[in-house]
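Q: Here's a structure for you.
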Amino acid sequence: NALSFSATQRVRVIQQTPAQLTTKLTLAAWIYPTAVAPAAILSKGFSTNGDYSLRLGATLRPQVRFNQQAGGPTFEAARSVALDTWSHVAVTWDKSTGQGAFYLDGALGSTFPWNGTITTSAENVFVGADFWDNTFFAGKIDDPAIFARALSPGEIAALRVDSLPRNPHWAALAPLSGEISPGGAQAVTLSADAAILAAETYTATVQIASYDPLN
C-alpha cells in the first residue's frame with residue numbers, strides 16, 4: 001500500500017508532538033526512487049528549525065540531517081540504493097553513545113559519530129518533502145516510521161520483514177482506499193503504541209500524487 005509521489009506532492013502529519021525528539025531516534029521507510037537526484041523521504045520542521053530529515057543524496061546514498069537552520073551536520077551512508085527498485089532504508093542515532101548508523105535492506109552499513117542535541121520544534125513531519133531546500137521525492141514510499149529510540153540491528157532486520165510491532169510514534173499511513181487525486185487531501189488516522197503514548201491517535205492531511213494498493 002505505497003504512496004506514489006511525482007516530485008511535487010507530500011504527506012503532512014499535522015500532529016507533531018510525539019516526533020519532537022532531541023537525543024535519540026530511528027527513521028525508516030521502504031522507498032522506490034524513480035530519479036537520480038536529491039530526494040526527501042522523511043523530514044520534520046521547515047520554517048524555524050529543520051529538526052531532522054532522512055533523505056537521499058545526489059547519488060542516491062541515504063543521508064540524515066540535523067538542525068538545518070543552525071547549519072547542523074549532514075551524514076551520508078557509504079552505499080547507494082538502486083533506481084527503480086524497492087529498498088528498505090533506516091538510520092538510527094543515540095546521543096548517549098554518540099553514534100549513528102545507516103541500514104540498507106536490514107543490514108548494518110556505515111556509522112557516524114555525533115553527540116549533539118536536536119533542536120526540536122512544534123512543526124510538522126512530512127513524508128516525501130523537505131522544505132528547507134524544497135527537495136521532494138519522485139517514486140514510492142511505503143511504511144514510513146519514526147521511533148523515539150535507536151533500534152538494535154536485530155530490530156531493524158525485523159522491521160524490514162514487518163515482524164517488529166510498529167506504530168511507535170507514528171507509522172504506517174493507513175487505512176487509505178482508492179485513488180487520491182493529485183494535489184487532493186484526505187484525512188487519515190495514525191495510531192500510537194499504547195505502551196508509549198497511551199493509545200493516542202493523530203490526524204494527517206494527505207496531499208499526494210496517488211495511492212497504489214498493489215505496492
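For the C-alpha cells, the naming scheme is as follows: chains receive sequential letters (A, B, ...) according to their order of presentation, residues are indexed from 1 within each chain, and ligands are indexed from 1 in presentation order.
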What are the closest atom pairs, with distances in Å to one decimal, for each residue of stretch 5-90 of chain A lying within 12 Å of stretch 97-102 of chain A, using only C-alpha atoms, rows by chain and rising residue number, as JSON lines?
A:
```
{"residue": "A:Thr23", "atom": "CA", "partner": "A:Gly98", "partner_atom": "CA", "distance": 9.6}
{"residue": "A:Lys24", "atom": "CA", "partner": "A:Gly100", "partner_atom": "CA", "distance": 9.2}
{"residue": "A:Leu25", "atom": "CA", "partner": "A:Gly100", "partner_atom": "CA", "distance": 9.3}
{"residue": "A:Thr26", "atom": "CA", "partner": "A:Gly100", "partner_atom": "CA", "distance": 9.4}
{"residue": "A:Leu27", "atom": "CA", "partner": "A:Phe102", "partner_atom": "CA", "distance": 9.8}
{"residue": "A:Ala28", "atom": "CA", "partner": "A:Phe102", "partner_atom": "CA", "distance": 9.8}
{"residue": "A:Leu54", "atom": "CA", "partner": "A:Phe102", "partner_atom": "CA", "distance": 10.5}
{"residue": "A:Arg55", "atom": "CA", "partner": "A:Phe102", "partner_atom": "CA", "distance": 11.7}
{"residue": "A:Arg61", "atom": "CA", "partner": "A:Phe102", "partner_atom": "CA", "distance": 10.1}
{"residue": "A:Pro62", "atom": "CA", "partner": "A:Phe102", "partner_atom": "CA", "distance": 7.8}
{"residue": "A:Gln63", "atom": "CA", "partner": "A:Phe102", "partner_atom": "CA", "distance": 8.5}
{"residue": "A:Val64", "atom": "CA", "partner": "A:Phe102", "partner_atom": "CA", "distance": 9.0}
{"residue": "A:Arg65", "atom": "CA", "partner": "A:Gly100", "partner_atom": "CA", "distance": 11.6}
{"residue": "A:Phe66", "atom": "CA", "partner": "A:Gly100", "partner_atom": "CA", "distance": 11.9}
{"residue": "A:Thr74", "atom": "CA", "partner": "A:Gly100", "partner_atom": "CA", "distance": 11.7}
{"residue": "A:Phe75", "atom": "CA", "partner": "A:Gly100", "partner_atom": "CA", "distance": 9.2}
{"residue": "A:Glu76", "atom": "CA", "partner": "A:Phe102", "partner_atom": "CA", "distance": 8.3}
{"residue": "A:Ala77", "atom": "CA", "partner": "A:Phe102", "partner_atom": "CA", "distance": 6.1}
{"residue": "A:Ala78", "atom": "CA", "partner": "A:Phe102", "partner_atom": "CA", "distance": 8.6}
{"residue": "A:Arg79", "atom": "CA", "partner": "A:Phe102", "partner_atom": "CA", "distance": 9.4}
{"residue": "A:Ser80", "atom": "CA", "partner": "A:Phe102", "partner_atom": "CA", "distance": 11.1}
{"residue": "A:Val81", "atom": "CA", "partner": "A:Phe102", "partner_atom": "CA", "distance": 11.9}
{"residue": "A:His88", "atom": "CA", "partner": "A:Phe102", "partner_atom": "CA", "distance": 10.8}
{"residue": "A:Val89", "atom": "CA", "partner": "A:Phe102", "partner_atom": "CA", "distance": 7.6}
{"residue": "A:Ala90", "atom": "CA", "partner": "A:Phe102", "partner_atom": "CA", "distance": 5.9}
```
Q: Neighbouring residues of A:Asp130 were defined as those with any atom within 9 Å, considering only C-alpha atoms; residues of the same chain fewer than 5 positions away were excluded. Please report them as a list in words.
A: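 Everything that qualifies: Ala39, Ala40, Ile41, Leu42, Ser43, Lys44, Gly45, Phe46, Gly50, Ser53, Arg55, Thr135 and Phe136 of chain A.
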Q: So what do you get for atom CA of A:Asp84 versus atom CA of A:Thr34, distance-wise?
A: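 Value for the atom CA of A:Asp84-atom CA of A:Thr34 distance: 5.2 Å.
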Q: Nearest to A:Asp51 among A:Leu108, A:Ile141, A:Ile31, A:Val125, with distances taken over only C-alpha atoms: which residue is it?
A: A:Val125
Q: Could you tell me which of A:Gln20, A:Thr85, A:Thr120, A:Asn67 comes closest to A:Lys140 if we count only C-alpha atoms?
A: A:Thr85
Q: Please indicate the distance in Å from atom CA of A:Ala58 to atom CA of A:Phe126, rounded to one decimal place.
A: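 Separation of atom CA of A:Ala58 and atom CA of A:Phe126: 20.0 Å.
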Q: Of the residues A:Leu104, A:Asp143, A:Pro38, A:Ala148, which is the one nearest to A:Gly57, using only C-alpha atoms?
A: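 The shortest atom-to-atom distance to A:Gly57 comes from A:Pro38.
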Q: Could you tell me how far atom CA of A:Gly128 lies from atom CA of A:Ser152, in Å and to one decimal?
A: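 Between atom CA of A:Gly128 and atom CA of A:Ser152 the gap works out to 25.3 Å.
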